[in-house]
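Engineer: Quick one: the structure is below, and I'll ask about it shortly.
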Amino acid sequence: MSADITDPPGIVQVGRSYSNMPKLPNLGNLPKLPKIPENFDISKLPPGWQNYAVGGGVLLAGLFLFGGRAPAKEKELTPEDKFTKYTKSFDAPGTPKASTAGNSATQADPKDDTPMRDRMAKFVRKMQSQIADAVDDLEIRAAKDLGVKPRVCVRDEWIRAEGGKGLSCVLQDGNVFEKAGVLVSVVHGPASKNLIQQMRARKKEGVIEESGVYHMFAAGCSMVLHPHNPNAPTSHLNYRYFELVKEGEEKPVAAWFGGGCDLTPAYLYEEDATHFHKVIKDVCDSHNPEYYPKFKKWCDEYFYIPHRQETRGVGGIFFDDLEEGDHNKLFEFVQQCGLSFVDQYVPIMKRRWNAPFTPEMKHWQQLRRGRYVEFNLVIDRGTKFGLATPGARIESIMCSLPLTARWEYMHAPEEGSKEAKLIEVLKAPREWV
């Protein structure tokens, strides 16, 4: 997955999908007890009947208490409540629930002195829950329209022996998505020599002692959605936080945010690209007017396939090493970027998921999927780093790849076709807003 935090070694799956849990039967429809007259006196019953009256009363009271009272209607669970309820082992005891407020309403409290690592860990779980629920909702609505059985994400939790946990929400062969993956990892442990060398190469000022022992922390949410319909675009997202702490100290010697989102269509609908870019531009502009033009250009440059001389898609934003300034404000920016994704993407999918298409369009989509695979396996730094890590969780790394793809020798689209129009844009990235 592009520029993603790769899953670490030493991982064991321990979770299951909450969507498959059986429901308890409703025992709340038993008849109500008859009302006992106010002037009833048990002492006036014949001696032989008093014991039966007492025993019968106890029995009826038991039925009333344990089966006859209709339970209160269960409150509808929010995405974060579902995460907390069905993956309790992922959260440390006593961890407060993340807010479920809307996109721009979610603000970082400038007075919050909770360590950033804890706040980011909680946030990526919330973001994952929101996106996975949106995927499930699209699948359920589509199944209803098609009159078929819905498919939803399977939730698999894993534990890293060296420190940390994660949760993978994955769907394959759905009604809307050929493959969808929304993955969270929150890991920590000793920093390897290779990692320290990378930090020095990136001129991280606090990482200067050759003999220093450092510990790392990384939290991130990564996502790739591959729809069936060639009219509907693939989309990728990743937002992450990393910090390095010298052994025996509490304050990080280096800490930064990274991430972004991008859109990869097989057929270009300009209104879709414009909408996707406008939503994230509005978020960027609300924090810093320099963010969008800088991060949009960075995205076009990062998702470039040199051997094809074209970009992977129509872009979005991409940033890394975001560390200058108030980290509370940077965290607020990252939150709003992540929580805006549903607004960026779902309206497009509602328009395109069931649009008519031909076998030739599906064939072209498969060829474009081949380009996606080429970038992820040949170019992407995050994928290459993950594959080179001993004991890495390969299933999570490969989750970014489409379920199907195609390569053909010397294929070229017909001049003037819709397919050729897409290639023109990929070879010369344009401004959308």
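The chains in the structure tokens are called A, B, ... from first to last as shown; in each chain the residues are counted from 1, and the ligands are counted from 1 in the order shown.
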Residues of region 276-309 of chain A that approach region 222-241 of chain A to 12 Å or less, counting only C-alpha atoms: could you list each one with the shortest pair of atoms and its distance in Å to one decimal, rows by chain and increasing residue number, as JSON lines?
Structural biologist:
```
{"residue": "A:Phe276", "atom": "CA", "partner": "A:Ser235", "partner_atom": "CA", "distance": 10.1}
{"residue": "A:Ile280", "atom": "CA", "partner": "A:Leu237", "partner_atom": "CA", "distance": 11.9}
{"residue": "A:Cys299", "atom": "CA", "partner": "A:Leu237", "partner_atom": "CA", "distance": 11.7}
{"residue": "A:Phe303", "atom": "CA", "partner": "A:His236", "partner_atom": "CA", "distance": 11.2}
```
Engineer: Quick one: of A:Val283, A:Cys153, A:Gln130, A:Met361, who's nearest to Val170 (chain A), counting only C-alpha atoms?
Structural biologist: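 Using only C-alpha atoms, the shortest distance to Val170 (chain A) belongs to A:Cys153.
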Engineer: List the neighbours of region 247-263 of chain A out to 8 Å using only C-alpha atoms; skip same-chain residues closer than 4 positions along the sequence, and give me the result as a CSV table (one decimal) with all heavy atoms, in the first residue's frame.
Structural biologist:
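This is the output file selection-v2.csv:
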```csv
chain,number,residue,atom,x,y,z
A,3,ALA,N,3.2,4.1,0.4
A,3,ALA,CA,3.7,4.9,1.5
A,3,ALA,C,3.1,4.5,2.8
A,3,ALA,O,3.0,5.3,3.7
A,3,ALA,CB,3.5,6.4,1.2
A,4,ASP,N,2.8,3.2,2.9
A,4,ASP,CA,2.1,2.8,4.2
A,4,ASP,C,3.1,2.4,5.2
A,4,ASP,O,4.2,2.0,4.9
A,4,ASP,CB,1.1,1.7,3.9
A,4,ASP,CG,0.0,2.1,3.0
A,4,ASP,OD1,-0.2,3.3,2.8
A,4,ASP,OD2,-0.7,1.2,2.5
A,204,LYS,N,17.2,13.7,10.4
A,204,LYS,CA,16.5,13.9,11.7
A,204,LYS,C,17.5,14.3,12.8
A,204,LYS,O,18.3,13.6,13.2
A,204,LYS,CB,15.7,12.6,12.1
A,204,LYS,CG,14.6,12.2,11.1
A,204,LYS,CD,13.5,13.2,11.0
A,204,LYS,CE,12.5,12.8,10.0
A,204,LYS,NZ,11.4,13.9,9.9
A,205,GLU,N,17.4,15.6,13.2
A,205,GLU,CA,18.4,16.2,14.1
A,205,GLU,C,18.6,15.5,15.4
A,205,GLU,O,19.7,15.4,15.9
A,205,GLU,CB,18.0,17.7,14.3
A,205,GLU,CG,18.0,18.5,13.1
A,205,GLU,CD,17.7,19.9,13.4
A,205,GLU,OE1,17.4,20.2,14.6
A,205,GLU,OE2,17.7,20.8,12.5
A,206,GLY,N,17.6,14.9,16.0
A,206,GLY,CA,17.7,14.3,17.3
A,206,GLY,C,18.4,12.9,17.2
A,206,GLY,O,18.8,12.4,18.2
A,207,VAL,N,18.5,12.3,16.0
A,207,VAL,CA,19.0,11.0,15.9
A,207,VAL,C,20.5,11.1,15.4
A,207,VAL,O,20.8,11.0,14.3
A,207,VAL,CB,18.2,10.2,14.9
A,207,VAL,CG1,18.6,8.7,14.9
A,207,VAL,CG2,16.7,10.3,15.2
A,212,GLY,N,23.6,5.3,20.4
A,212,GLY,CA,22.3,5.5,21.1
A,212,GLY,C,21.4,4.3,20.9
A,212,GLY,O,21.3,3.7,19.8
A,213,VAL,N,20.6,4.0,21.9
A,213,VAL,CA,19.5,3.0,21.8
A,213,VAL,C,18.2,3.7,21.7
A,213,VAL,O,17.8,4.4,22.6
A,213,VAL,CB,19.6,2.0,23.0
A,213,VAL,CG1,18.5,1.0,22.8
A,213,VAL,CG2,20.9,1.3,23.0
A,214,TYR,N,17.4,3.4,20.6
A,214,TYR,CA,16.2,4.1,20.4
A,214,TYR,C,15.0,3.1,20.3
A,214,TYR,O,15.2,1.9,20.0
A,214,TYR,CB,16.2,4.9,19.1
A,214,TYR,CG,17.3,6.0,19.1
A,214,TYR,CD1,18.6,5.7,18.7
A,214,TYR,CD2,17.0,7.3,19.6
A,214,TYR,CE1,19.5,6.7,18.7
A,214,TYR,CE2,17.9,8.3,19.6
A,214,TYR,CZ,19.2,8.0,19.1
A,214,TYR,OH,20.2,9.0,19.1
A,215,HIS,N,13.8,3.6,20.7
A,215,HIS,CA,12.6,2.9,20.6
A,215,HIS,C,11.6,3.6,19.6
A,215,HIS,O,11.6,4.8,19.7
A,215,HIS,CB,11.9,2.6,21.9
A,215,HIS,CG,12.7,1.7,22.8
A,215,HIS,ND1,12.5,0.4,22.9
A,215,HIS,CD2,13.8,2.0,23.6
A,215,HIS,CE1,13.4,-0.2,23.8
A,215,HIS,NE2,14.2,0.8,24.2
A,233,PRO,N,-14.0,4.4,-9.7
A,233,PRO,CA,-12.5,4.5,-9.5
A,233,PRO,C,-12.0,3.7,-8.2
A,233,PRO,O,-12.7,3.6,-7.2
A,233,PRO,CB,-12.3,6.0,-9.3
A,233,PRO,CG,-13.5,6.5,-8.6
A,233,PRO,CD,-14.6,5.7,-9.2
A,234,THR,N,-10.8,3.2,-8.3
A,234,THR,CA,-10.1,2.7,-7.2
A,234,THR,C,-9.6,3.9,-6.3
A,234,THR,O,-9.4,5.0,-6.9
A,234,THR,CB,-8.9,1.9,-7.6
A,234,THR,OG1,-9.3,0.7,-8.1
A,234,THR,CG2,-7.9,1.7,-6.5
A,235,SER,N,-9.5,3.7,-5.0
A,235,SER,CA,-9.0,4.8,-4.2
A,235,SER,C,-8.1,4.2,-3.1
A,235,SER,O,-8.3,3.1,-2.6
A,235,SER,CB,-10.2,5.6,-3.5
A,235,SER,OG,-9.7,6.8,-2.9
A,236,HIS,N,-7.2,5.1,-2.7
A,236,HIS,CA,-6.2,4.7,-1.7
A,236,HIS,C,-6.0,5.8,-0.7
A,236,HIS,O,-6.2,7.0,-1.0
A,236,HIS,CB,-4.8,4.4,-2.4
A,236,HIS,CG,-3.6,4.5,-1.4
A,236,HIS,ND1,-2.9,5.7,-1.3
A,236,HIS,CD2,-3.2,3.7,-0.5
A,236,HIS,CE1,-1.9,5.5,-0.4
A,236,HIS,NE2,-2.1,4.3,0.1
A,237,LEU,N,-5.8,5.4,0.5
A,237,LEU,CA,-5.6,6.4,1.6
A,237,LEU,C,-4.6,5.8,2.6
A,237,LEU,O,-4.5,4.6,2.8
A,237,LEU,CB,-7.0,6.6,2.3
A,237,LEU,CG,-7.0,7.3,3.7
A,237,LEU,CD1,-8.4,8.0,3.9
A,237,LEU,CD2,-6.9,6.2,4.8
A,238,ASN,N,-3.9,6.7,3.2
A,238,ASN,CA,-3.0,6.3,4.4
A,238,ASN,C,-2.7,7.6,5.2
A,238,ASN,O,-2.3,8.6,4.7
A,238,ASN,CB,-1.7,5.7,3.8
A,238,ASN,CG,-0.6,5.5,4.9
A,238,ASN,OD1,0.3,6.3,5.0
A,238,ASN,ND2,-0.8,4.5,5.7
A,239,TYR,N,-2.9,7.5,6.5
A,239,TYR,CA,-2.5,8.5,7.4
A,239,TYR,C,-1.8,7.9,8.6
A,239,TYR,O,-2.3,6.9,9.1
A,239,TYR,CB,-3.7,9.4,7.9
A,239,TYR,CG,-4.3,10.2,6.8
A,239,TYR,CD1,-5.5,9.8,6.1
A,239,TYR,CD2,-3.7,11.3,6.3
A,239,TYR,CE1,-6.0,10.5,5.1
A,239,TYR,CE2,-4.2,12.1,5.3
A,239,TYR,CZ,-5.4,11.7,4.7
A,239,TYR,OH,-5.9,12.4,3.6
A,240,ARG,N,-0.7,8.5,9.0
A,240,ARG,CA,0.2,7.8,10.0
A,240,ARG,C,0.9,8.8,10.8
A,240,ARG,O,1.1,10.0,10.5
A,240,ARG,CB,1.2,6.9,9.2
A,240,ARG,CG,2.1,7.7,8.2
A,240,ARG,CD,2.8,6.8,7.3
A,240,ARG,NE,3.6,7.6,6.3
A,240,ARG,CZ,3.1,8.1,5.2
A,240,ARG,NH1,1.9,7.9,4.9
A,240,ARG,NH2,3.9,8.8,4.4
A,241,TYR,N,1.5,8.3,11.9
A,241,TYR,CA,2.3,9.1,12.9
A,241,TYR,C,3.4,8.2,13.3
A,241,TYR,O,3.3,7.0,13.6
A,241,TYR,CB,1.5,9.5,14.1
A,241,TYR,CG,2.3,10.1,15.2
A,241,TYR,CD1,2.8,11.4,15.1
A,241,TYR,CD2,2.5,9.4,16.4
A,241,TYR,CE1,3.5,12.0,16.1
A,241,TYR,CE2,3.2,10.0,17.4
A,241,TYR,CZ,3.7,11.3,17.2
A,241,TYR,OH,4.4,11.9,18.3
A,242,PHE,N,4.6,8.8,13.4
A,242,PHE,CA,5.8,8.0,13.8
A,242,PHE,C,6.6,8.8,14.8
A,242,PHE,O,6.7,10.1,14.7
A,242,PHE,CB,6.7,7.7,12.6
A,242,PHE,CG,7.9,6.9,12.9
A,242,PHE,CD1,7.8,5.5,12.7
A,242,PHE,CD2,9.1,7.4,13.3
A,242,PHE,CE1,8.9,4.7,12.9
A,242,PHE,CE2,10.2,6.6,13.6
A,242,PHE,CZ,10.1,5.2,13.4
A,243,GLU,N,7.2,8.2,15.8
A,243,GLU,CA,8.1,8.9,16.7
A,243,GLU,C,9.2,7.9,17.2
A,243,GLU,O,9.0,6.7,17.2
A,243,GLU,CB,7.3,9.4,17.9
A,243,GLU,CG,6.7,8.4,18.9
A,243,GLU,CD,6.0,9.1,20.1
A,243,GLU,OE1,5.5,10.2,19.9
A,243,GLU,OE2,6.0,8.5,21.2
A,273,ALA,N,-13.2,13.5,-10.3
A,273,ALA,CA,-11.9,14.0,-9.9
A,273,ALA,C,-12.0,15.4,-9.3
A,273,ALA,O,-11.4,15.6,-8.2
A,273,ALA,CB,-11.0,14.1,-11.2
A,276,PHE,N,-13.5,14.9,-5.7
A,276,PHE,CA,-12.5,14.3,-4.8
A,276,PHE,C,-11.5,15.3,-4.3
A,276,PHE,O,-11.1,15.4,-3.1
A,276,PHE,CB,-11.8,13.1,-5.5
A,276,PHE,CG,-10.9,12.3,-4.7
A,276,PHE,CD1,-11.4,11.2,-3.9
A,276,PHE,CD2,-9.6,12.5,-4.6
A,276,PHE,CE1,-10.6,10.4,-3.1
A,276,PHE,CE2,-8.7,11.7,-3.8
A,276,PHE,CZ,-9.3,10.7,-3.1
A,299,CYS,N,1.9,14.6,-4.5
A,299,CYS,CA,1.2,13.3,-4.8
A,299,CYS,C,1.4,12.9,-6.3
A,299,CYS,O,1.7,11.8,-6.6
A,299,CYS,CB,-0.3,13.5,-4.6
A,299,CYS,SG,-1.3,12.1,-4.8
A,313,GLY,N,-2.8,7.6,-11.2
A,313,GLY,CA,-4.1,8.0,-11.3
A,313,GLY,C,-4.2,9.5,-11.4
A,313,GLY,O,-3.3,10.1,-11.8
A,314,VAL,N,-5.3,10.1,-10.9
A,314,VAL,CA,-5.5,11.5,-11.1
A,314,VAL,C,-5.2,12.3,-9.8
A,314,VAL,O,-5.5,13.4,-9.6
A,314,VAL,CB,-7.0,11.8,-11.5
A,314,VAL,CG1,-7.3,11.3,-12.8
A,314,VAL,CG2,-8.0,11.3,-10.4
A,315,GLY,N,-4.5,11.6,-8.9
A,315,GLY,CA,-3.9,12.2,-7.7
A,315,GLY,C,-4.9,12.5,-6.6
A,315,GLY,O,-6.0,12.0,-6.5
A,316,GLY,N,-4.4,13.4,-5.7
A,316,GLY,CA,-5.0,13.8,-4.5
A,316,GLY,C,-4.0,14.6,-3.7
A,316,GLY,O,-3.6,15.6,-4.2
A,317,ILE,N,-3.7,14.2,-2.5
A,317,ILE,CA,-2.6,14.8,-1.8
A,317,ILE,C,-1.7,13.7,-1.2
A,317,ILE,O,-2.1,12.6,-1.0
A,317,ILE,CB,-3.1,15.7,-0.6
A,317,ILE,CG1,-3.8,14.9,0.5
A,317,ILE,CG2,-4.0,16.8,-1.1
A,317,ILE,CD1,-4.1,15.6,1.8
A,318,PHE,N,-0.4,14.1,-0.9
A,318,PHE,CA,0.6,13.3,-0.3
A,318,PHE,C,1.5,14.1,0.5
A,318,PHE,O,1.9,15.2,0.0
A,318,PHE,CB,1.3,12.4,-1.3
A,318,PHE,CG,2.4,11.6,-0.7
A,318,PHE,CD1,2.1,10.3,-0.2
A,318,PHE,CD2,3.7,12.1,-0.7
A,318,PHE,CE1,3.2,9.6,0.3
A,318,PHE,CE2,4.7,11.3,-0.1
A,318,PHE,CZ,4.5,10.0,0.4
A,319,PHE,N,1.8,13.7,1.7
A,319,PHE,CA,2.8,14.5,2.5
A,319,PHE,C,3.5,13.5,3.4
A,319,PHE,O,3.0,12.5,3.8
A,319,PHE,CB,2.2,15.6,3.3
A,319,PHE,CG,1.1,15.2,4.3
A,319,PHE,CD1,1.4,14.8,5.6
A,319,PHE,CD2,-0.2,15.1,3.9
A,319,PHE,CE1,0.4,14.4,6.5
A,319,PHE,CE2,-1.2,14.7,4.7
A,319,PHE,CZ,-0.9,14.3,6.1
A,320,ASP,N,4.7,13.9,3.8
A,320,ASP,CA,5.5,13.1,4.8
A,320,ASP,C,6.4,14.1,5.6
A,320,ASP,O,6.6,15.2,5.2
A,320,ASP,CB,6.4,12.1,4.0
A,320,ASP,CG,6.8,10.9,4.9
A,320,ASP,OD1,6.3,10.9,6.1
A,320,ASP,OD2,7.5,10.0,4.4
A,321,ASP,N,6.9,13.6,6.7
A,321,ASP,CA,7.8,14.4,7.6
A,321,ASP,C,7.1,15.7,8.0
A,321,ASP,O,7.7,16.8,8.0
A,321,ASP,CB,9.1,14.7,6.9
A,321,ASP,CG,9.9,13.4,6.7
A,321,ASP,OD1,9.9,12.6,7.6
A,321,ASP,OD2,10.5,13.3,5.6
A,322,LEU,N,5.8,15.7,8.2
A,322,LEU,CA,5.1,16.9,8.7
A,322,LEU,C,5.3,17.0,10.2
A,322,LEU,O,4.7,16.3,11.0
A,322,LEU,CB,3.6,16.8,8.4
A,322,LEU,CG,2.7,18.0,8.5
A,322,LEU,CD1,3.2,19.1,7.6
A,322,LEU,CD2,1.2,17.7,8.3
A,323,GLU,N,6.2,17.9,10.5
A,323,GLU,CA,6.7,18.0,11.9
A,323,GLU,C,6.9,19.4,12.4
A,323,GLU,O,7.0,19.7,13.6
A,323,GLU,CB,8.0,17.3,12.1
A,323,GLU,CG,9.1,17.7,11.2
A,323,GLU,CD,10.3,16.8,11.3
A,323,GLU,OE1,10.4,16.1,12.2
A,323,GLU,OE2,11.2,16.9,10.4
A,330,LEU,N,-1.2,20.1,13.9
A,330,LEU,CA,-0.9,19.1,12.8
A,330,LEU,C,-1.8,17.9,13.0
A,330,LEU,O,-2.3,17.3,12.0
A,330,LEU,CB,0.6,18.7,12.9
A,330,LEU,CG,1.6,19.8,12.6
A,330,LEU,CD1,3.0,19.2,12.7
A,330,LEU,CD2,1.4,20.5,11.3
A,331,PHE,N,-2.0,17.5,14.2
A,331,PHE,CA,-2.9,16.3,14.5
A,331,PHE,C,-4.3,16.6,14.1
A,331,PHE,O,-5.0,15.8,13.5
A,331,PHE,CB,-2.8,16.0,16.0
A,331,PHE,CG,-3.7,14.8,16.4
A,331,PHE,CD1,-3.7,13.6,15.7
A,331,PHE,CD2,-4.6,15.0,17.5
A,331,PHE,CE1,-4.6,12.6,16.1
A,331,PHE,CE2,-5.4,14.0,17.9
A,331,PHE,CZ,-5.4,12.8,17.2
A,334,VAL,N,-4.5,16.2,10.3
A,334,VAL,CA,-4.5,14.8,9.9
A,334,VAL,C,-5.9,14.2,10.2
A,334,VAL,O,-6.4,13.4,9.4
A,334,VAL,CB,-3.4,14.0,10.6
A,334,VAL,CG1,-3.5,12.5,10.4
A,334,VAL,CG2,-2.0,14.5,10.1
A,337,CYS,N,-8.4,15.4,7.6
A,337,CYS,CA,-8.1,14.7,6.3
A,337,CYS,C,-8.7,13.3,6.3
A,337,CYS,O,-9.4,12.9,5.4
A,337,CYS,CB,-6.6,14.7,6.0
A,337,CYS,SG,-5.8,16.2,5.6
```
Engineer: Got a sec to tell me which of region 205-360 of chain A DSSP assigns to strand (DSSP E or B), as a ChimeraX atom specification?
Structural biologist: /A:214-227,234-246,254-264,304-305,310-311,315-322
